[in-house]
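J.: Let me begin by handing over the structure; questions about it come next.
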Amino acid sequence: MAKGGKGTKGKKITLNVAKNCVKITFDGKKRLDLSKMGITTFPKCILRLNDVDELDLSRNMIRKIPDSISKFQNLRWLDLHSNYIDKLPESIGQMASLLYLNVSNNRLTTNGLPVELNQLKNIRTVNLGLNHLESVPTTLGALKELHEVGLHDNMLSTIPKSISKLPKLKKLNTKRNPFPKTEESDTFIDSIRRLESLHLVEEKDLCTTCLRKCQQARDKLNKIKTMAAATPRRAIFSNLVSPNSMAKDSQEDWRIRSTSP
């Protein structure tokens, strides 16, 4: 996070400066990149560029995000990581097109996360890591399209089970949190660790050969479970096949997938 004390005078962003920072991504999306600009206050002038698809304000010294950010109705990708933000505006729930939200490495507390987050029905990735969260809002469990959730490096003692049971969840990062040592929590945290180590894909994304190998591996595991004395655990991802090491996508790959019908 950039260093800067209270009252630090940051760089002034004019509309012309912002316009020059709009780039077209390789997949034809308009991206406004104002990262690492020494900004201390959300530049209101960029609200006139509210037709952009992606907005990057990361690695600045911004303390507050205004309610007016909801004017970015086309926004699919919002990166606010590494600032001084301690609260998200309630209006963020109105950004229905949002697919990616990164607010890691800020000063967010649990009270700083509005319940309106549960209105982001299309969102796929949320990164809340490196903040000051003592608990996770159960509203995240209502976001059925979530693929990745970052909760690492906070002050969490528990994770709502509704999050680990999200139907499309592929990665849940809860590392470096002060979870208590109890039998129940160990079982739950163990399931999370196994989840973090997997990269899952849907059957339609595999070639015929890979799909056959995954199905054979799954059948073998099922036989082992049947023979085991202990009652087998219910699979978290019932509609997904076994992991494929090639399923870990880059950020650019994510953008391609997010534009697909």
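To be explicit about the labels: the chains of the structure tokens are called A, B, and onward in the order shown, and within each one the residues are counted from 1, while ligands get numbers from 1 in the order they are shown.
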Excluding A:Leu140 and its own-chain neighbours fewer than 3 positions away, which residues fall within 7 Å of it when counting only C-alpha atoms? Please give them as a PyMOL selection string.
T.: chain A and resi 118+137+143+163
J.: Could the residues in this selection be written to a file with N, CA, C and O atoms, as a PDB file, in the first residue's frame?
T.:
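Below is the file that was written, result28.pdb:
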ATOM      1  N   ASN A 118     -25.038  -8.252  -1.596  1.00  0.00           N
ATOM      2  CA  ASN A 118     -25.793  -9.431  -2.023  1.00  0.00           C
ATOM      3  C   ASN A 118     -26.622  -9.178  -3.277  1.00  0.00           C
ATOM      4  O   ASN A 118     -27.244 -10.099  -3.815  1.00  0.00           O
ATOM      5  N   PRO A 137     -19.614 -11.392   6.112  1.00  0.00           N
ATOM      6  CA  PRO A 137     -21.071 -11.237   5.994  1.00  0.00           C
ATOM      7  C   PRO A 137     -21.693 -12.438   5.291  1.00  0.00           C
ATOM      8  O   PRO A 137     -21.200 -12.888   4.254  1.00  0.00           O
ATOM      9  N   LEU A 143     -24.456 -15.022  -3.324  1.00  0.00           N
ATOM     10  CA  LEU A 143     -23.901 -14.737  -4.650  1.00  0.00           C
ATOM     11  C   LEU A 143     -23.568 -16.053  -5.356  1.00  0.00           C
ATOM     12  O   LEU A 143     -22.433 -16.541  -5.324  1.00  0.00           O
ATOM     13  N   ILE A 163     -20.809 -20.064   2.345  1.00  0.00           N
ATOM     14  CA  ILE A 163     -19.823 -19.662   1.339  1.00  0.00           C
ATOM     15  C   ILE A 163     -19.149 -20.881   0.732  1.00  0.00           C
ATOM     16  O   ILE A 163     -18.999 -20.992  -0.492  1.00  0.00           O
TER      17      ILE A 163
END
J.: Any idea what's packed within 7 Å of stretch 27-30 of chain A, counting only C-alpha atoms, ignoring anything in its chain fewer than 3 positions away? Could you give it as a list of chain:residue names?
T.: A:Val22, A:Lys23, A:Ile24, A:Val52, A:Asp53, A:Glu54
J.: Near A:Asn60, counting only C-alpha atoms, which residues have an atom at most 7 Å away, once you skip same-chain residues fewer than 5 positions from it, shown as a list of chain:residue names?
T.: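 Contacts, with the query itself left out: A:Ala2, A:Ser35, A:Lys36, A:Met37, A:Gly38, A:Ile39, A:Thr40, A:Ser82, A:Asn83.
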J.: As a PyMOL selection string, please: the residues near A:Asp86 (cut-off 8 Å, only C-alpha atoms, same-chain neighbours under 3 positions excluded).
T.: chain A and resi 63-64+106-109+112
J.: Could the residues in this selection be saved with N, CA and C atoms as a CSV table (one decimal), in the first residue's frame?
T.:
chain,number,residue,atom,x,y,z
A,63,ARG,N,-9.2,7.2,0.3
A,63,ARG,CA,-9.8,6.8,1.5
A,63,ARG,C,-11.3,6.5,1.5
A,64,LYS,N,-12.0,7.1,0.5
A,64,LYS,CA,-13.4,7.0,0.4
A,64,LYS,C,-13.9,6.8,-1.0
A,106,ASN,N,-6.7,-3.0,2.0
A,106,ASN,CA,-7.3,-1.8,2.4
A,106,ASN,C,-7.4,-1.8,3.9
A,107,ARG,N,-8.4,-1.0,4.4
A,107,ARG,CA,-8.7,-1.0,5.9
A,107,ARG,C,-10.1,-1.3,6.2
A,108,LEU,N,-10.7,-2.2,5.4
A,108,LEU,CA,-12.1,-2.6,5.5
A,108,LEU,C,-12.3,-3.4,6.8
A,109,THR,N,-13.4,-3.1,7.5
A,109,THR,CA,-13.8,-3.9,8.6
A,109,THR,C,-15.2,-4.5,8.2
A,112,GLY,N,-17.8,-2.2,7.4
A,112,GLY,CA,-17.6,-1.5,6.2
A,112,GLY,C,-18.0,-2.2,4.9
J.: Enumerate, as JSON, numbers by chain, the complete set of residues in stretch 15-87 of chain A that a backbone-based DSSP assignment places in strand (DSSP E or B).
T.: {"A": [22, 23, 24, 30, 31, 32, 33, 54, 55, 56, 77, 78, 79]}
J.: Skip A:Ser70 itself and residues of its chain fewer than 4 positions away, then list as a PyMOL selection string all residues within 7 Å of it, counting only C-alpha atoms.
T.: chain A and resi 91-92+94-95
J.: Might you pull out every residue within 10 Å of A:Ala18, with only C-alpha atoms counted and same-chain residues fewer than 5 positions away left off, and present them as a PyMOL selection string?
T.: chain A and resi 13+32-34+43+45-46+48-49
J.: Would you work out the distance separating atom CA of A:His81 from atom CA of A:Thr174, expressed in Å to one decimal?
T.: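 Computing the Euclidean distance for atom CA of A:His81 and atom CA of A:Thr174 yields 17.4 Å.
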J.: Give me, please, the distance in Å between atom CA of A:Gly141 and atom CA of A:Thr110, quoted to one decimal.
T.: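 Atom-to-atom, atom CA of A:Gly141 to atom CA of A:Thr110, that is 15.0 Å.
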J.: Restricting the calculation to only C-alpha atoms: of A:Lys44, A:Lys121, A:Arg31, A:Lys165, which residue gets closest to A:Trp77?
T.: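 Ranking A:Lys44, A:Lys121, A:Arg31, A:Lys165 by distance to A:Trp77, first place goes to A:Arg31.
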J.: Between A:Leu172, A:Ala142, A:Cys21, A:Val149, which is the closest to A:Asn102 once you count only C-alpha atoms?
T.: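 Checking each candidate against A:Asn102, we get A:Val149 as the closest.
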J.: Env of A:Asn50: 9 Å cut, atoms = only C-alpha atoms, seq-sep filter 6 positions within chain, self excluded. Answer as a list in words.
T.: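 Selected residues are Ile69, Lys71, Phe72, Gln73, Asn74 and Leu75 of chain A.
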J.: As a list of chain:residue names, please: all residues of stretch 12-163 of chain A that backbone DSSP puts in alpha helix (DSSP H).
T.: A:Leu15, A:Asn16, A:Val17, A:Ala18, A:Lys19, A:Asn20, A:Lys161, A:Ser162, A:Ile163
